[in-house]
Amino acid sequence: MADGAVDAGVVGGGGEPDVSDSLRTFGAVVQGFRKRAGMTQEELAERVRYSVQTVASVEQGRRFPTAEYVRRAEDVLDAAGILSGAVRHLSRQPGLASWFRQWARLEATALSLYTYECRVVPGLLQTEAYARAVSLNVPPVPDEHELDQRVAARLARQELLSVARKPPTAFTFIVEEAVLMRDTGGQDVTRGLLDHVVGLVEQNWNVEVQVMPLRQPAHAGMDGPLQLLETPENEWFAYSEGQENGRLITTRKEISILQQRYAKLRSQALTPADSLSLLKRRRGAL
């Protein structure tokens with residue numbers, strides 16, 4: 001299921017979620033050390049060189065802290081090894097599939113992230129209404145609590161798009177035009193989705209979206225969706241996902257092949273400017 005329960009490592013069907021409250025507990029511990037130090041979230045964010053959103057998300061238990069964040073926070077807050085010890089027992093928030101956890105941790109500090117999707121709009125670009133519609137379309141139908149977990153996990157990941165992150169991640173998305181024409185959830189949901197994506201592209205200089213046109217005889221993405229990312233150490237990893245499973249790809253040969261395919265896809269898709277025009281025309285036609 002794309003990016004997790006149809007995008008973003010979110011559990012669906014037989015996927016296995018984490019159900020631990022350990023993230024919330026860890027966040028409360030960090031908050032306690034911060035208050036003991038007499039710091040606001042803004043002051044801690046400046047000291048650890050992460051965004052205020054990241055600091056808040058960690059304290060609220062909505063974000064898995066990176067190793068670098070823990071190291072810096074522990075030093076700034078004089079936590080004497082307590083945070084680094086506690087982080088070893090963390091599990092991800094409910095709603096993220098077990099197979100997606102490693103990739104999600106790499107995402108948190110990626111320098112660049114490339115996504116090609118042919119089934120749904122990528123999770124990082126989804127609205128809440130679209131995410132709910134996608135989850136409700138894929139059997140088995142979730143109960144209300146499970147649905148809320150899926151959607152919350154997906155939306156929490158969108159903090160990665162922030163230009164306030166240091167450094168901000170560079171994103172490119174290639175999405176099939178057919179996905180945008182499907183009207184998942186109905187026209188009102190699609191209008192909101194298109195408005196959201198157009199706004200992201202226009203307001204976030206680190207986000208680039210390309211649309212693969214319906215008619216494209218030469219197409220390098222016939223083997224399905226793919227994701228690539230570059231770490232702060234300039235290492236590359238890839239990720240692919242299908243029905244009820246996902247795979248982190250680490251071998252250089254496989255990554256090289258996927259990089260070649262992604263480069264070809266970028267040349268075959270509409271340019272970012274033409275893609276933005278298409279999104280606006282599609283929105284205006286609804």
# chains A, B, ... in the order shown; residues from 1 in each chain; ligands from 1

call {"tool": "select_by_dssp", "arguments": {"residues": "segment 196-230 of chain A", "states": "helix (DSSP H, G or I)", "output": "number ranges by chain"}}
result
A: 196-203

call {"tool": "write_last_selection", "arguments": {"atoms": "N, CA, C and O atoms", "output": "mmCIF file, in the first residue's frame"}}
result
data_model
loop_
_atom_site.group_PDB
_atom_site.id
_atom_site.type_symbol
_atom_site.label_atom_id
_atom_site.label_comp_id
_atom_site.auth_asym_id
_atom_site.auth_seq_id
_atom_site.Cartn_x
_atom_site.Cartn_y
_atom_site.Cartn_z
ATOM 1 N N HIS A 196 -4.444 22.823 -1.908
ATOM 2 C CA HIS A 196 -3.359 22.554 -0.965
ATOM 3 C C HIS A 196 -2.025 22.353 -1.693
ATOM 4 O O HIS A 196 -1.007 22.950 -1.306
ATOM 5 N N VAL A 197 -2.029 21.544 -2.734
ATOM 6 C CA VAL A 197 -0.788 21.261 -3.466
ATOM 7 C C VAL A 197 -0.271 22.522 -4.151
ATOM 8 O O VAL A 197 0.929 22.823 -4.106
ATOM 9 N N VAL A 198 -1.159 23.278 -4.779
ATOM 10 C CA VAL A 198 -0.750 24.528 -5.423
ATOM 11 C C VAL A 198 -0.143 25.474 -4.388
ATOM 12 O O VAL A 198 0.901 26.100 -4.623
ATOM 13 N N GLY A 199 -0.774 25.561 -3.219
ATOM 14 C CA GLY A 199 -0.249 26.423 -2.163
ATOM 15 C C GLY A 199 1.125 25.994 -1.686
ATOM 16 O O GLY A 199 2.007 26.833 -1.462
ATOM 17 N N LEU A 200 1.325 24.688 -1.542
ATOM 18 C CA LEU A 200 2.637 24.183 -1.126
ATOM 19 C C LEU A 200 3.724 24.560 -2.126
ATOM 20 O O LEU A 200 4.809 25.015 -1.751
ATOM 21 N N VAL A 201 3.425 24.363 -3.408
ATOM 22 C CA VAL A 201 4.417 24.655 -4.443
ATOM 23 C C VAL A 201 4.744 26.142 -4.479
ATOM 24 O O VAL A 201 5.910 26.538 -4.634
ATOM 25 N N GLU A 202 3.726 26.975 -4.314
ATOM 26 C CA GLU A 202 3.940 28.417 -4.413
ATOM 27 C C GLU A 202 4.572 29.015 -3.164
ATOM 28 O O GLU A 202 5.265 30.034 -3.239
ATOM 29 N N GLN A 203 4.376 28.376 -2.019
ATOM 30 C CA GLN A 203 4.864 28.950 -0.768
ATOM 31 C C GLN A 203 6.134 28.280 -0.235
ATOM 32 O O GLN A 203 6.858 28.885 0.557
#

call {"tool": "residues_around", "arguments": {"residues": "Ser51 of chain A", "least_positions_apart": "5", "cutoff": "6 Å", "atoms": "only C-alpha atoms", "output": "PyMOL selection string"}}
result
chain A and resi 45+164-165

call {"tool": "write_last_selection", "arguments": {"atoms": "N, CA and C atoms", "output": "mmCIF file, in the first residue's frame"}}
result
data_model
loop_
_atom_site.group_PDB
_atom_site.id
_atom_site.type_symbol
_atom_site.label_atom_id
_atom_site.label_comp_id
_atom_site.auth_asym_id
_atom_site.auth_seq_id
_atom_site.Cartn_x
_atom_site.Cartn_y
_atom_site.Cartn_z
ATOM 1 N N ALA A 45 14.695 25.360 20.707
ATOM 2 C CA ALA A 45 14.847 25.168 19.252
ATOM 3 C C ALA A 45 16.092 25.871 18.734
ATOM 4 N N ALA A 164 11.526 25.902 7.604
ATOM 5 C CA ALA A 164 12.171 26.327 8.843
ATOM 6 C C ALA A 164 13.142 25.284 9.373
ATOM 7 N N ARG A 165 13.084 24.077 8.827
ATOM 8 C CA ARG A 165 14.011 23.038 9.265
ATOM 9 C C ARG A 165 15.427 23.416 8.852
#

call {"tool": "residues_around", "arguments": {"residues": "segment 179-193 of chain A", "least_positions_apart": "5", "cutoff": "12 Å", "atoms": "only C-alpha atoms", "output": "count of residues only"}}
result
42

call {"tool": "atom_distance", "arguments": {"atom1": "atom CA of Val163 of chain A", "atom2": "atom CA of Thr271 of chain A"}}
result
22.2 Å

call {"tool": "residues_around", "arguments": {"residues": "segment 221-227 of chain A", "least_positions_apart": "6", "cutoff": "12 Å", "atoms": "only C-alpha atoms", "output": "PyMOL selection string"}}
result
chain A and resi 1-3+6-8+103-104+106-107+112-122+171-176+212+236-243+246-249+254-255+257-269

call {"tool": "closest_residue", "arguments": {"among": "A:Leu160, A:Ala218, A:Ala86, A:Val55", "to": "Ala73 of chain A", "atoms": "only C-alpha atoms"}}
result
A:Val55

call {"tool": "atom_distance", "arguments": {"atom1": "atom CA of Tyr69 of chain A", "atom2": "atom CA of Arg101 of chain A"}}
result
17.4 Å

call {"tool": "select_by_dssp", "arguments": {"residues": "segment 53-153 of chain A", "states": "strand (DSSP E or B)", "output": "list in words"}}
result
Leu96, Ala97, Ser112, Leu113, Tyr114, Thr115, Tyr116 and Glu117 of chain A

call {"tool": "residues_around", "arguments": {"residues": "Ala110 of chain A", "least_positions_apart": "6", "cutoff": "7 Å", "atoms": "only C-alpha atoms", "output": "PyMOL selection string"}}
result
chain A and resi 169+229-232
